[in-house]
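What follows is a set of notes on a single structure, which appears directly below.
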Amino acid sequence: MAKKNQTLGEFIIENQADFQYSSGELSRLINSIRLAAKVVNHEVNKAGLVDITGAAGEVNIQGEDQQKLDVYANDKFIQTLTNREIVCGIASEENDDFITICGQKQDHNNKYVVLIDPLDGSSNIDVNVSVGTIFSIYRRITPMGSPVTIDDFLQEGNQQVAAGYIVYGTSTMLVYTTGHGVNGFTLNPAIGTYYLSHPNMQFPEDGNIYSINEGNYNHFPQGVKDYIKYCQNQEDGRPYTARYIGSLVSDIHRNMIKGGIYIYPKSSTSSNGKLRLLYECNPMAFIVEQAGGKASDGHQRIMDLKPTELHQRVPFFCGSKNMVEKAEEFMK
């Protein structure tokens, strides 16, 4: 039973039985992510004092300008996970291809792969708005003892064994699930320890917040335009409130606490939407569903989509169950 003010370390030990097939690796893996997040958090909080804001001068595989902090966060997470020899492979939104990891014995015997968006919303760093990290963990499907292949990463979201995010905001929070509900831990910066602050997080079934970049309205499919108009109508407890931060982690975190829907649809300028299935949509869908919410591409469940490439993009509708179902009605 989750106890408030329990440390993340205590919680992981107490709930090890939730990790099917694991003999401690998944616990150590979550601990590694916790450690890397603390290091990244330390740098995020120094933005403006040291030279980590602005562009790094490189363009990532997505065609986006990498920020200095993108590169820093990516390096830190990969370095921490590699050094601890817990995973057999890592895929990052910032890297063209996946990374194969083998231990000092060159044995390729680790069980898990990690997919990560090291710094979600990094364009907000320069203006002191919340950013985050998103991670997704799968059990490998290729034989133990052999190097990982692309198949280990192109698994459906319903095969995730754990997923979570860290939001670097007014306080730093780590929120994660292993398929047994969602729990949130807040970092006490004075002693560097995460404490259970939000046990058993739940999406309200209904909400009154809709989060979408309305600046792209003219490019949206008709169903999305109609749903936005529905949100703005003055009847049955509407109009809803529009809230859009532009950091996926922050927008979904707020909506999970207050009730709302987040939408990043396809458009005439981006035919598949903008968000990445493997690094953003699948892990967020796992968390949202475990908190009683719903996540789809507007027509079908996100976690049932079969990925075909590492950096695949999909439309994304997620949040309070009744709101997502209403949006899907309009999409029909």
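The way I read the labels, and the way they are meant: chains A, B, ... in the order of the structure tokens, residue 1 as the first residue of every chain, and ligand 1 as the first ligand shown, with later ones counted on from there.
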
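Around Pro315 in chain A, within 10 Å and counting only C-alpha atoms, the residues found are A:Ile263, A:Tyr264, A:Pro265, A:Lys266, A:Ser267, A:Ser270, A:Ser271, A:Asn272, A:Gly273, A:Lys274, A:Leu275, A:Arg276, A:Leu277, A:Cys281, A:Ser296, A:Asp297, A:Gly298, A:His299, A:Ile302, once anything fewer than 4 positions away on its own chain is removed.
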
Take the residues that were just selected and, keeping all heavy atoms, output them as a CSV table (one decimal), in the first residue's frame.
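The resulting file, selection28.csv, is reproduced below:
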```csv
chain,number,residue,atom,x,y,z
A,263,ILE,N,-4.7,17.5,-27.2
A,263,ILE,CA,-4.8,17.1,-28.6
A,263,ILE,C,-3.6,17.6,-29.4
A,263,ILE,O,-3.3,18.8,-29.4
A,263,ILE,CB,-6.1,17.6,-29.2
A,263,ILE,CG1,-7.3,17.0,-28.4
A,263,ILE,CG2,-6.2,17.1,-30.7
A,263,ILE,CD1,-8.7,17.6,-28.9
A,264,TYR,N,-2.9,16.7,-30.1
A,264,TYR,CA,-2.0,17.2,-31.2
A,264,TYR,C,-2.4,16.4,-32.4
A,264,TYR,O,-1.9,15.3,-32.6
A,264,TYR,CB,-0.5,17.0,-30.8
A,264,TYR,CG,0.4,18.0,-31.5
A,264,TYR,CD1,1.1,19.0,-30.8
A,264,TYR,CD2,0.5,18.0,-32.9
A,264,TYR,CE1,1.8,19.9,-31.4
A,264,TYR,CE2,1.2,19.0,-33.5
A,264,TYR,CZ,1.9,19.9,-32.8
A,264,TYR,OH,2.6,20.9,-33.5
A,265,PRO,N,-3.3,17.0,-33.2
A,265,PRO,CA,-3.8,16.2,-34.4
A,265,PRO,C,-2.8,16.3,-35.6
A,265,PRO,O,-1.8,17.0,-35.6
A,265,PRO,CB,-5.1,16.9,-34.7
A,265,PRO,CG,-4.8,18.4,-34.4
A,265,PRO,CD,-3.8,18.3,-33.2
A,266,LYS,N,-3.2,15.5,-36.6
A,266,LYS,CA,-2.5,15.7,-37.9
A,266,LYS,C,-3.0,17.0,-38.5
A,266,LYS,O,-4.0,17.5,-38.0
A,266,LYS,CB,-2.7,14.5,-38.8
A,266,LYS,CG,-4.2,14.3,-39.3
A,266,LYS,CD,-4.3,13.1,-40.2
A,266,LYS,CE,-5.7,12.9,-40.7
A,266,LYS,NZ,-5.9,11.8,-41.6
A,267,SER,N,-2.4,17.5,-39.5
A,267,SER,CA,-2.8,18.8,-40.1
A,267,SER,C,-2.4,18.8,-41.5
A,267,SER,O,-1.6,17.9,-42.0
A,267,SER,CB,-2.2,20.0,-39.3
A,267,SER,OG,-0.8,20.0,-39.5
A,270,SER,N,1.4,18.9,-41.3
A,270,SER,CA,2.1,17.7,-40.8
A,270,SER,C,1.1,16.5,-40.8
A,270,SER,O,0.3,16.4,-39.9
A,270,SER,CB,2.7,17.9,-39.4
A,270,SER,OG,1.8,18.4,-38.5
A,271,SER,N,1.2,15.7,-41.9
A,271,SER,CA,0.1,14.8,-42.2
A,271,SER,C,0.0,13.7,-41.2
A,271,SER,O,-1.0,13.0,-41.1
A,271,SER,CB,0.4,14.2,-43.6
A,271,SER,OG,1.7,13.6,-43.6
A,272,ASN,N,1.0,13.4,-40.4
A,272,ASN,CA,0.9,12.4,-39.3
A,272,ASN,C,0.9,13.0,-37.9
A,272,ASN,O,1.1,12.2,-36.9
A,272,ASN,CB,2.1,11.4,-39.5
A,272,ASN,CG,2.1,10.6,-40.8
A,272,ASN,OD1,1.0,10.1,-41.1
A,272,ASN,ND2,3.2,10.6,-41.5
A,273,GLY,N,0.8,14.3,-37.8
A,273,GLY,CA,1.0,14.9,-36.5
A,273,GLY,C,2.4,15.2,-36.3
A,273,GLY,O,3.3,14.9,-37.1
A,274,LYS,N,2.7,15.6,-35.1
A,274,LYS,CA,4.1,16.0,-34.7
A,274,LYS,C,4.8,15.1,-33.7
A,274,LYS,O,6.0,14.9,-33.7
A,274,LYS,CB,4.1,17.4,-34.2
A,274,LYS,CG,5.5,18.0,-34.0
A,274,LYS,CD,5.5,19.3,-33.4
A,274,LYS,CE,6.9,19.7,-32.9
A,274,LYS,NZ,6.9,20.8,-31.9
A,275,LEU,N,3.9,14.5,-32.8
A,275,LEU,CA,4.5,13.7,-31.7
A,275,LEU,C,4.9,12.4,-32.1
A,275,LEU,O,4.4,11.7,-33.0
A,275,LEU,CB,3.4,13.6,-30.6
A,275,LEU,CG,2.9,15.0,-30.0
A,275,LEU,CD1,2.0,14.7,-28.9
A,275,LEU,CD2,4.1,15.8,-29.5
A,276,ARG,N,6.0,11.9,-31.4
A,276,ARG,CA,6.6,10.6,-31.8
A,276,ARG,C,5.9,9.5,-31.0
A,276,ARG,O,5.7,9.6,-29.8
A,276,ARG,CB,8.1,10.6,-31.4
A,276,ARG,CG,9.0,10.9,-32.5
A,276,ARG,CD,8.9,12.3,-33.0
A,276,ARG,NE,9.0,13.4,-32.0
A,276,ARG,CZ,9.4,14.6,-32.3
A,276,ARG,NH1,9.7,15.0,-33.5
A,276,ARG,NH2,9.5,15.5,-31.4
A,277,LEU,N,5.5,8.4,-31.7
A,277,LEU,CA,4.8,7.3,-31.1
A,277,LEU,C,5.6,6.7,-30.0
A,277,LEU,O,5.1,6.4,-28.9
A,277,LEU,CB,4.4,6.3,-32.2
A,277,LEU,CG,3.8,5.0,-31.7
A,277,LEU,CD1,2.5,5.2,-31.0
A,277,LEU,CD2,3.6,4.0,-32.9
A,281,CYS,N,4.1,9.4,-27.3
A,281,CYS,CA,2.7,8.9,-27.2
A,281,CYS,C,2.5,7.6,-26.4
A,281,CYS,O,1.6,7.5,-25.6
A,281,CYS,CB,2.1,8.8,-28.6
A,281,CYS,SG,2.2,10.3,-29.5
A,296,SER,N,-5.7,7.9,-27.7
A,296,SER,CA,-6.0,7.4,-29.0
A,296,SER,C,-5.3,8.3,-30.1
A,296,SER,O,-4.8,9.3,-29.8
A,296,SER,CB,-7.5,7.2,-29.3
A,296,SER,OG,-8.1,8.5,-29.6
A,297,ASP,N,-5.4,7.8,-31.3
A,297,ASP,CA,-5.0,8.7,-32.4
A,297,ASP,C,-6.2,9.5,-33.0
A,297,ASP,O,-6.1,10.0,-34.1
A,297,ASP,CB,-4.2,7.9,-33.5
A,297,ASP,CG,-5.1,6.9,-34.2
A,297,ASP,OD1,-6.3,6.8,-33.8
A,297,ASP,OD2,-4.6,6.2,-35.2
A,298,GLY,N,-7.3,9.4,-32.3
A,298,GLY,CA,-8.5,10.0,-32.8
A,298,GLY,C,-9.5,9.0,-33.3
A,298,GLY,O,-10.7,9.2,-33.4
A,299,HIS,N,-9.0,7.8,-33.5
A,299,HIS,CA,-9.8,6.7,-34.0
A,299,HIS,C,-9.6,5.4,-33.3
A,299,HIS,O,-10.5,4.6,-33.1
A,299,HIS,CB,-9.5,6.5,-35.5
A,299,HIS,CG,-9.8,7.7,-36.3
A,299,HIS,ND1,-11.1,8.1,-36.7
A,299,HIS,CD2,-8.9,8.7,-36.8
A,299,HIS,CE1,-11.0,9.2,-37.4
A,299,HIS,NE2,-9.7,9.6,-37.5
A,302,ILE,N,-3.9,4.2,-28.9
A,302,ILE,CA,-2.5,4.5,-29.3
A,302,ILE,C,-1.7,3.2,-29.0
A,302,ILE,O,-0.8,2.8,-29.8
A,302,ILE,CB,-2.0,5.6,-28.4
A,302,ILE,CG1,-2.4,7.0,-29.1
A,302,ILE,CG2,-0.4,5.6,-28.3
A,302,ILE,CD1,-1.7,7.3,-30.4
```

Find the residues near Asn15 in chain A: any atom within 12 Å, counting only C-alpha atoms, skip ones fewer than 6 places away on the same chain, and give them as a PDB file with N, CA, C and O atoms, in the first residue's frame.
```
ATOM      1  N   MET A   1       0.856  -1.197   0.000  1.00  0.00           N
ATOM      2  CA  MET A   1       0.000   0.000   0.000  1.00  0.00           C
ATOM      3  C   MET A   1       0.887   1.240   0.000  1.00  0.00           C
ATOM      4  O   MET A   1       1.786   1.362   0.826  1.00  0.00           O
ATOM      5  N   ALA A   2       0.640   2.155  -0.955  1.00  0.00           N
ATOM      6  CA  ALA A   2       1.456   3.366  -1.052  1.00  0.00           C
ATOM      7  C   ALA A   2       1.232   4.255   0.169  1.00  0.00           C
ATOM      8  O   ALA A   2       0.094   4.520   0.555  1.00  0.00           O
ATOM      9  N   LYS A   3       2.329   4.697   0.784  1.00  0.00           N
ATOM     10  CA  LYS A   3       2.229   5.579   1.942  1.00  0.00           C
ATOM     11  C   LYS A   3       2.822   6.927   1.581  1.00  0.00           C
ATOM     12  O   LYS A   3       3.948   7.007   1.089  1.00  0.00           O
ATOM     13  N   LEU A   8      11.123   7.355  -2.773  1.00  0.00           N
ATOM     14  CA  LEU A   8      11.025   6.580  -4.010  1.00  0.00           C
ATOM     15  C   LEU A   8      11.773   5.253  -3.862  1.00  0.00           C
ATOM     16  O   LEU A   8      11.300   4.206  -4.301  1.00  0.00           O
ATOM     17  N   GLY A   9      12.944   5.288  -3.210  1.00  0.00           N
ATOM     18  CA  GLY A   9      13.719   4.062  -2.998  1.00  0.00           C
ATOM     19  C   GLY A   9      12.935   3.028  -2.200  1.00  0.00           C
ATOM     20  O   GLY A   9      12.895   1.849  -2.544  1.00  0.00           O
ATOM     21  N   SER A  22      11.234  -9.901 -13.262  1.00  0.00           N
ATOM     22  CA  SER A  22      12.431  -9.146 -12.882  1.00  0.00           C
ATOM     23  C   SER A  22      13.053  -9.695 -11.608  1.00  0.00           C
ATOM     24  O   SER A  22      12.366 -10.054 -10.675  1.00  0.00           O
ATOM     25  N   GLY A  24      15.288  -7.784  -9.927  1.00  0.00           N
ATOM     26  CA  GLY A  24      15.955  -6.585  -9.419  1.00  0.00           C
ATOM     27  C   GLY A  24      16.380  -5.593 -10.478  1.00  0.00           C
ATOM     28  O   GLY A  24      16.627  -4.425 -10.184  1.00  0.00           O
ATOM     29  N   LEU A  26      14.747  -4.168 -13.018  1.00  0.00           N
ATOM     30  CA  LEU A  26      13.833  -3.067 -13.303  1.00  0.00           C
ATOM     31  C   LEU A  26      13.878  -2.027 -12.185  1.00  0.00           C
ATOM     32  O   LEU A  26      13.832  -0.823 -12.437  1.00  0.00           O
ATOM     33  N   SER A  27      14.034  -2.500 -10.948  1.00  0.00           N
ATOM     34  CA  SER A  27      14.189  -1.580  -9.814  1.00  0.00           C
ATOM     35  C   SER A  27      15.449  -0.733 -10.003  1.00  0.00           C
ATOM     36  O   SER A  27      15.440   0.485  -9.791  1.00  0.00           O
ATOM     37  N   THR A 177       4.575   4.469 -13.865  1.00  0.00           N
ATOM     38  CA  THR A 177       3.715   3.307 -13.684  1.00  0.00           C
ATOM     39  C   THR A 177       4.455   2.050 -14.120  1.00  0.00           C
ATOM     40  O   THR A 177       5.289   2.099 -15.018  1.00  0.00           O
ATOM     41  N   THR A 178       4.148   0.940 -13.462  1.00  0.00           N
ATOM     42  CA  THR A 178       4.607  -0.369 -13.927  1.00  0.00           C
ATOM     43  C   THR A 178       3.384  -1.232 -14.254  1.00  0.00           C
ATOM     44  O   THR A 178       3.453  -2.460 -14.240  1.00  0.00           O
ATOM     45  N   GLY A 179       2.257  -0.557 -14.534  1.00  0.00           N
ATOM     46  CA  GLY A 179       1.031  -1.283 -14.847  1.00  0.00           C
ATOM     47  C   GLY A 179       0.180  -1.573 -13.627  1.00  0.00           C
ATOM     48  O   GLY A 179      -0.758  -2.357 -13.684  1.00  0.00           O
ATOM     49  N   HIS A 180       0.527  -0.935 -12.493  1.00  0.00           N
ATOM     50  CA  HIS A 180      -0.237  -1.106 -11.259  1.00  0.00           C
ATOM     51  C   HIS A 180      -0.590   0.268 -10.695  1.00  0.00           C
ATOM     52  O   HIS A 180      -0.314   0.569  -9.526  1.00  0.00           O
ATOM     53  N   GLY A 181      -1.185   1.122 -11.538  1.00  0.00           N
ATOM     54  CA  GLY A 181      -1.516   2.472 -11.108  1.00  0.00           C
ATOM     55  C   GLY A 181      -0.362   3.439 -11.332  1.00  0.00           C
ATOM     56  O   GLY A 181       0.727   3.051 -11.769  1.00  0.00           O
ATOM     57  N   ASN A 183       1.950   6.662  -9.693  1.00  0.00           N
ATOM     58  CA  ASN A 183       2.358   7.367  -8.473  1.00  0.00           C
ATOM     59  C   ASN A 183       3.343   8.477  -8.803  1.00  0.00           C
ATOM     60  O   ASN A 183       4.178   8.330  -9.696  1.00  0.00           O
TER      61      ASN A 183
END
```

Determine, using only C-alpha atoms, which residues of range 138-211 of chain A have any atom at most 10 Å from an atom of range 309-313 of chain A, and tabulate each with its shortest atom pair and distance in Å to one decimal place, rows ordered by chain and then rising number, as JSON lines.
```
{"residue": "A:Ile150", "atom": "CA", "partner": "A:Leu310", "partner_atom": "CA", "distance": 8.0}
{"residue": "A:Asp151", "atom": "CA", "partner": "A:Glu309", "partner_atom": "CA", "distance": 9.7}
{"residue": "A:Phe153", "atom": "CA", "partner": "A:Leu310", "partner_atom": "CA", "distance": 7.3}
{"residue": "A:Leu154", "atom": "CA", "partner": "A:Leu310", "partner_atom": "CA", "distance": 6.9}
```

Could you turn the residues from that selection into a file that holds C-alpha atoms, as a compact mmCIF listing (two decimals), in the first residue's frame?
```txt
# COMPACT_ATOMS: atom_id res chain seq x y z
CA ILE A 150 15.25 -2.84 -34.27
CA ASP A 151 12.50 -5.36 -33.39
CA PHE A 153 12.22 -1.21 -30.05
CA LEU A 154 9.32 -1.51 -32.51
```

Problem - Those in range 169-291 of chain A with strand (DSSP E) from DSSP, as a ChimeraX atom specification - result: /A:172-177,182-188,193-198,209-211,241-242,260-264

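With only C-alpha atoms as the atoms that count, the residue of A:Ile86, A:Ile245, A:Cys318, A:Val161 with the shortest distance to Glu214 in chain A is A:Ile245.
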
Problem - Exercise: range 138-145 of chain A partners within 6 Å, only C-alpha atoms, chain neighbours under 6 positions left out, as a ChimeraX atom specification - result: /A:107-109,111-113,152,160-161

Handout entry: 12 Å contact set for Asn213 in chain A, only C-alpha atoms, chain neighbours under 2 positions out, as a PyMOL selection string
Key = chain A and resi 210-211+215-220+224-225+228+242-248+251+262-267+274

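Counting from CA of Asn282 in chain A, the distance to CA of Phe11 in chain A is 24.1 Å.
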
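Nearest to Gln290 in chain A of all the residues A:Ala327, A:Val129, A:Met256, A:Ile78 is A:Met256, based on only C-alpha atoms.
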
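When CA of Gly132 in chain A is paired with CA of Glu10 in chain A, their separation reads 23.7 Å.
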
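When the distance limit is 6 Å and only C-alpha atoms are what count, the residues near Ser320 in chain A, minus those fewer than 4 positions from it on the same chain, are Phe203, Pro204, Glu205, Asp206, Gly259, Gly260, Ile261 and Gly293 of chain A.
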
Go ahead and dump the residues you just picked, all heavy atoms, as a PDB file, in the first residue's frame.
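Result written to selection.pdb:
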```
ATOM      1  N   PHE A 203      -6.998  10.379 -13.426  1.00  0.00           N
ATOM      2  CA  PHE A 203      -7.612  11.379 -14.288  1.00  0.00           C
ATOM      3  C   PHE A 203      -9.084  11.512 -13.902  1.00  0.00           C
ATOM      4  O   PHE A 203      -9.778  10.499 -13.835  1.00  0.00           O
ATOM      5  CB  PHE A 203      -7.563  10.920 -15.761  1.00  0.00           C
ATOM      6  CG  PHE A 203      -6.578  11.677 -16.591  1.00  0.00           C
ATOM      7  CD1 PHE A 203      -5.334  11.129 -16.878  1.00  0.00           C
ATOM      8  CD2 PHE A 203      -6.885  12.929 -17.104  1.00  0.00           C
ATOM      9  CE1 PHE A 203      -4.415  11.818 -17.656  1.00  0.00           C
ATOM     10  CE2 PHE A 203      -5.972  13.618 -17.877  1.00  0.00           C
ATOM     11  CZ  PHE A 203      -4.735  13.067 -18.150  1.00  0.00           C
ATOM     12  N   PRO A 204      -9.602  12.721 -13.640  1.00  0.00           N
ATOM     13  CA  PRO A 204     -11.053  12.867 -13.515  1.00  0.00           C
ATOM     14  C   PRO A 204     -11.705  12.397 -14.828  1.00  0.00           C
ATOM     15  O   PRO A 204     -11.134  12.594 -15.904  1.00  0.00           O
ATOM     16  CB  PRO A 204     -11.244  14.379 -13.330  1.00  0.00           C
ATOM     17  CG  PRO A 204      -9.921  14.888 -12.828  1.00  0.00           C
ATOM     18  CD  PRO A 204      -8.886  14.000 -13.458  1.00  0.00           C
ATOM     19  N   GLU A 205     -12.871  11.737 -14.750  1.00  0.00           N
ATOM     20  CA  GLU A 205     -13.533  11.233 -15.963  1.00  0.00           C
ATOM     21  C   GLU A 205     -13.912  12.366 -16.903  1.00  0.00           C
ATOM     22  O   GLU A 205     -13.941  12.211 -18.114  1.00  0.00           O
ATOM     23  CB  GLU A 205     -14.792  10.425 -15.598  1.00  0.00           C
ATOM     24  CG  GLU A 205     -14.485   9.015 -15.165  1.00  0.00           C
ATOM     25  CD  GLU A 205     -15.668   8.072 -15.361  1.00  0.00           C
ATOM     26  OE1 GLU A 205     -16.803   8.551 -15.542  1.00  0.00           O
ATOM     27  OE2 GLU A 205     -15.430   6.854 -15.337  1.00  0.00           O
ATOM     28  N   ASP A 206     -14.263  13.511 -16.321  1.00  0.00           N
ATOM     29  CA  ASP A 206     -14.595  14.707 -17.103  1.00  0.00           C
ATOM     30  C   ASP A 206     -13.649  15.817 -16.706  1.00  0.00           C
ATOM     31  O   ASP A 206     -13.036  15.765 -15.634  1.00  0.00           O
ATOM     32  CB  ASP A 206     -16.046  15.143 -16.835  1.00  0.00           C
ATOM     33  CG  ASP A 206     -17.054  14.260 -17.550  1.00  0.00           C
ATOM     34  OD1 ASP A 206     -17.049  14.258 -18.791  1.00  0.00           O
ATOM     35  OD2 ASP A 206     -17.817  13.559 -16.863  1.00  0.00           O
ATOM     36  N   GLY A 259      -8.183  17.522 -14.751  1.00  0.00           N
ATOM     37  CA  GLY A 259      -9.196  17.033 -15.690  1.00  0.00           C
ATOM     38  C   GLY A 259      -9.161  17.826 -16.982  1.00  0.00           C
ATOM     39  O   GLY A 259      -9.330  19.044 -16.974  1.00  0.00           O
ATOM     40  N   GLY A 260      -8.903  17.150 -18.099  1.00  0.00           N
ATOM     41  CA  GLY A 260      -8.827  17.850 -19.373  1.00  0.00           C
ATOM     42  C   GLY A 260      -8.401  16.921 -20.487  1.00  0.00           C
ATOM     43  O   GLY A 260      -8.152  15.729 -20.276  1.00  0.00           O
ATOM     44  N   ILE A 261      -8.321  17.471 -21.691  1.00  0.00           N
ATOM     45  CA  ILE A 261      -7.907  16.711 -22.872  1.00  0.00           C
ATOM     46  C   ILE A 261      -6.747  17.427 -23.545  1.00  0.00           C
ATOM     47  O   ILE A 261      -6.709  18.667 -23.596  1.00  0.00           O
ATOM     48  CB  ILE A 261      -9.084  16.524 -23.864  1.00  0.00           C
ATOM     49  CG1 ILE A 261      -8.665  15.623 -25.041  1.00  0.00           C
ATOM     50  CG2 ILE A 261      -9.628  17.877 -24.361  1.00  0.00           C
ATOM     51  CD1 ILE A 261      -9.847  15.227 -25.947  1.00  0.00           C
ATOM     52  N   GLY A 293      -7.547   7.356 -17.583  1.00  0.00           N
ATOM     53  CA  GLY A 293      -7.861   8.178 -18.744  1.00  0.00           C
ATOM     54  C   GLY A 293      -7.863   7.360 -20.021  1.00  0.00           C
ATOM     55  O   GLY A 293      -7.885   6.124 -19.996  1.00  0.00           O
TER      56      GLY A 293
END
```

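Here CA of Pro307 in chain A is placed at a distance of 21.9 Å from CA of Thr269 in chain A.
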
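Using only C-alpha atoms for every distance, the candidate list A:Lys326, A:Ile116, A:Thr100, A:Pro283 yields A:Thr100 as the residue closest to Thr82 in chain A.
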